[in-house]
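Trainee: Dumping the structure here so I can ask a few things about it.
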Amino acid sequence: MSEINTPSKEAALEFQKSFEKLKNEISKVVVGQEHIVENLLISLFSRGHCVLIGVPGLAKTLLIRTLAKTLNLSFNRIQFTPDLMPGDITGTEVIEEDSKTGHKKFKFFKGPIFSNIILADEINRTPPKTQAALLEAMQEYHVTASGTTYSLEKPFFVLATQNPIEQEGTYPLPEAQLDRFMFNLWLDYPSFEEEMDIVNRTTTAFETEVSEILNGEQIREYQNLTRHVPVPESVLNFAVKVVAMTRPNSEHTPDFVNQYMTWGAGPRASQYLILGGKTRALSQGRFNVTEDDIKAIAIPVLRHRVVNNYAAEAEGIKSEDIIKRILENA
């Protein structure tokens with residue numbers, strides 16, 4: 001891959017080419033879900049993490065495993081359960097005896113968190129203490145055990161899933177912890193034609209192989225490239241204004257937000273709107289961010305960072321509805 005550390009139209013076109021190759025390669029295995037795939041890639045190249053909400057059987061694991069293969073990255077799936085302990089994720093220290101000297105010492109055995117891509121399956125099935133172990137690694141990119149810090153290899157990408165149906169015996173992530181995820185993505189059922197294609201592909205002996213498109217070093221270069229994309233002051237102003245409008249009783253708040261919302265989004269939402277906008281612009285071969293880029297990712301960035309009140313729930317108004325109105329009035 002050519003040098004892409006400095007901003008240029010050529011670098012944007014190269015990014016677009018790789019982005020499209022990744023989408024096409026993933027589509028060989030995963031039917032539909034184009035919008036989800038696009039947002040996953042935007043999050044990856046923005047150094048973000050994702051929460052995926054969807055009923056069982058929508059190919060969440062297959063999607064993430066395929067993504068890891070196309071990027072030639074290590075992948076681990078962690079099934080979150082009520083009895084899962086923090087050490088089961090980060091790793092544990094065990095006493096090891098030297099066969100020659102007989103001396104005993106502690107040795108750290110790395111847990112499944114030491115991979116490039118982590119699928120945290122049903123993260124809301126485990127208690128907050130165990131959830132926090134994963135969230136700390138997401139934020140700090142390292143694990144600490146007995147005073148020793150172990151760095152996580154980059155790129156490091158966490159995708160947590162939640163089942164929206166069964167809520168009994170779950171420990172929902174508080175808004176403060178959800179705020180660490182860049183995107184909240186909802187997977188929908190496939191269309192009739194897509195489900196026909198899925199059934200046809202998965203009930204034969206033929207297995208589709210995917211090719212490696214990028215490696216870890218190339219991904220890190222692209223992640224650095226996104227930071228160099230310029231943002232016009234008008235677009236920066238628009239992104240910050242959209243986030244400010246979600247906060248009840250602020251100077252930018254519309255009346256309908258005061259009527260239906262309890263809490264709005266914090267500054268991290270503004271940061272992710274700009275970072276995601278930069279990556280989306282590159283994915284289309286552009287080295288400039290527009291308001292349309294911000295609008296395209298506003299819902300997955302904001303919907304898990306705002307809290308509706310009882311009036312909204314009583315009238316059946318969802319956070320997505322309010323965000324759409326905010327975008328119309330920004």
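Residue numbering restarts at 1 in every chain; chains get A, B, ... in the order shown in the structure tokens, and ligands count up from 1 in that same order.
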Can you tell me which residues surround Phe183 in chain A at a distance of at most 12 Å, considering only C-alpha atoms, apart from same-chain residues fewer than 4 positions away, and format the answer as a PyMOL selection string?
Mentor: chain A and resi 36+38-44+46-53+158-161+178-179+268-269+272-273+275-276+297-305
Trainee: Find the spatial neighbours of Asn215 in chain A, counting only C-alpha atoms, within a cut-off of 9 Å - ignore same-chain residues fewer than 4 positions away - and output them as an NGL selection string.
Mentor: :A and (70-73 or 219-220)
Trainee: Okay, now the selection with C-alpha atoms, as a CSV table (one decimal), in the first residue's frame?
Mentor:
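Resulting contents of selection.csv:
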```
chain,number,residue,atom,x,y,z
A,70,THR,CA,-11.0,-10.3,5.5
A,71,LEU,CA,-8.8,-8.2,7.7
A,72,ASN,CA,-6.5,-11.0,8.7
A,73,LEU,CA,-7.0,-10.2,12.4
A,219,ILE,CA,-5.7,-0.8,9.2
A,220,ARG,CA,-3.6,1.3,11.6
```
Trainee: What's around range 57-62 of chain A at 10 Å? Count only C-alpha atoms, leave out sequence neighbours fewer than 3 positions away in its own chain, and write the answer as an MDAnalysis selection string.
Mentor: chainID A and resid 26 29:31 33 52:54 65:68 77 119:121 159:161 187:190
Trainee: Suppose we keep C-alpha atoms; can you now write the selection as a compact mmCIF listing (two decimals), in the first residue's frame?
Mentor:
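The result, written out as part_23.txt:
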```txt
# COMPACT_ATOMS: atom_id res chain seq x y z
CA ILE A 26 -18.07 -9.77 3.29
CA VAL A 29 -20.80 -14.77 3.04
CA VAL A 30 -23.25 -12.38 4.72
CA VAL A 31 -26.48 -11.74 2.83
CA GLN A 33 -27.09 -6.07 6.19
CA LEU A 52 -25.29 -4.70 18.09
CA ILE A 53 -28.92 -5.26 19.03
CA GLY A 54 -30.69 -8.13 17.30
CA ARG A 65 -15.93 -13.72 12.04
CA THR A 66 -16.02 -12.93 8.32
CA LEU A 67 -14.87 -9.37 8.98
CA ALA A 68 -11.90 -10.71 10.96
CA ARG A 77 -15.95 -14.77 20.82
CA LEU A 119 -17.34 -10.46 20.00
CA ALA A 120 -18.86 -9.94 23.46
CA ASP A 121 -21.96 -12.06 22.98
CA LEU A 159 -18.52 -5.67 19.22
CA ALA A 160 -20.99 -6.36 22.01
CA THR A 161 -24.38 -7.94 21.30
CA LEU A 187 -30.04 -5.60 13.03
CA ASP A 188 -33.37 -6.15 11.30
CA TYR A 189 -34.88 -9.31 9.83
CA PRO A 190 -33.82 -10.05 6.23
```
Trainee: From a backbone DSSP assignment, name each residue in range 136-251 of chain A labelled helix (DSSP H, G or I), as a tab-separated table (two decimals) with C-alpha atoms, in the first residue's frame.
Mentor:
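To be explicit, this is the file written out as out19.tsv:
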```
chain	number	residue	atom	x	y	z
A	136	GLU	CA	-11.88	-0.82	30.89
A	137	ALA	CA	-9.90	-2.65	28.21
A	138	MET	CA	-11.91	-0.85	25.52
A	139	GLN	CA	-11.10	2.52	27.00
A	140	GLU	CA	-7.47	2.04	28.07
A	175	GLU	CA	-25.86	4.88	29.92
A	176	ALA	CA	-22.40	5.90	31.19
A	177	GLN	CA	-20.97	2.57	30.04
A	178	LEU	CA	-22.91	2.50	26.78
A	192	PHE	CA	-38.05	-12.36	1.82
A	193	GLU	CA	-35.60	-12.48	-1.11
A	194	GLU	CA	-32.59	-12.21	1.23
A	195	GLU	CA	-33.88	-15.03	3.41
A	196	MET	CA	-34.37	-17.19	0.31
A	197	ASP	CA	-30.73	-16.52	-0.57
A	198	ILE	CA	-29.58	-17.27	3.01
A	199	VAL	CA	-31.39	-20.60	3.13
A	200	ASN	CA	-30.12	-21.56	-0.33
A	201	ARG	CA	-26.50	-20.77	0.60
A	202	THR	CA	-26.47	-22.42	4.02
A	216	GLY	CA	-3.24	-4.93	10.89
A	217	GLU	CA	-0.57	-2.48	9.79
A	218	GLN	CA	-2.67	-1.22	6.88
A	219	ILE	CA	-5.68	-0.78	9.16
A	220	ARG	CA	-3.63	1.29	11.61
A	221	GLU	CA	-2.47	3.48	8.71
A	222	TYR	CA	-6.05	4.03	7.60
A	223	GLN	CA	-7.06	4.82	11.18
A	224	ASN	CA	-4.35	7.48	11.25
A	225	LEU	CA	-5.48	8.78	7.86
A	226	THR	CA	-9.00	9.51	9.14
A	227	ARG	CA	-7.52	11.90	11.71
A	233	GLU	CA	-16.04	24.97	10.76
A	234	SER	CA	-19.66	25.00	9.59
A	235	VAL	CA	-19.80	21.18	9.75
A	236	LEU	CA	-18.11	21.13	13.16
A	237	ASN	CA	-20.66	23.67	14.34
A	238	PHE	CA	-23.50	21.54	12.95
A	239	ALA	CA	-22.29	18.37	14.71
A	240	VAL	CA	-21.87	20.07	18.08
A	241	LYS	CA	-25.23	21.83	17.71
A	242	VAL	CA	-27.02	18.53	16.99
A	243	VAL	CA	-25.58	17.05	20.19
A	244	ALA	CA	-26.36	20.18	22.22
```
Trainee: With only C-alpha atoms as the basis for distance, which of A:Ala11, A:Ile123, A:Leu63, A:Pro86 is at the shortest distance from Glu34 in chain A?
Mentor: A:Leu63
Trainee: Near Phe287 in chain A, within 6 Å and counting only C-alpha atoms, which residues show up once chain neighbours fewer than 3 positions away are dropped, as a ChimeraX atom specification?
Mentor: /A:12,229,282
Trainee: Keeping only C-alpha atoms, write the selected residues as a compact mmCIF listing (two decimals), in the first residue's frame.
Mentor:
```txt
# COMPACT_ATOMS: atom_id res chain seq x y z
CA ALA A 12 -9.04 9.11 -0.14
CA VAL A 229 -9.35 14.65 7.13
CA LEU A 282 -13.07 8.78 2.96
```
Trainee: Between A:Thr130, A:Ser211, A:Thr90, A:Thr81, which has the minimum distance to Val143 in chain A (counting only C-alpha atoms)?
Mentor: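 For Val143 in chain A, the nearest of the given residues is A:Thr90.
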Trainee: Restricting the calculation to only C-alpha atoms: of A:Ser74, A:Thr208, A:Ser146, A:Thr253, which residue gets closest to Ile117 in chain A?
Mentor: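 Going through A:Ser74, A:Thr208, A:Ser146, A:Thr253 one by one, the smallest distance to Ile117 in chain A is for A:Ser74.
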Trainee: Can you list, as a PyMOL selection string, every residue of range 170-307 of chain A that DSSP puts in strand (DSSP E or B)?
Mentor: chain A and resi 183-186+261-263+307
Trainee: When you draw a straight line from CA of Ile118 in chain A to CA of Leu134 in chain A, how long is it in Å?
Mentor: 9.8 Å
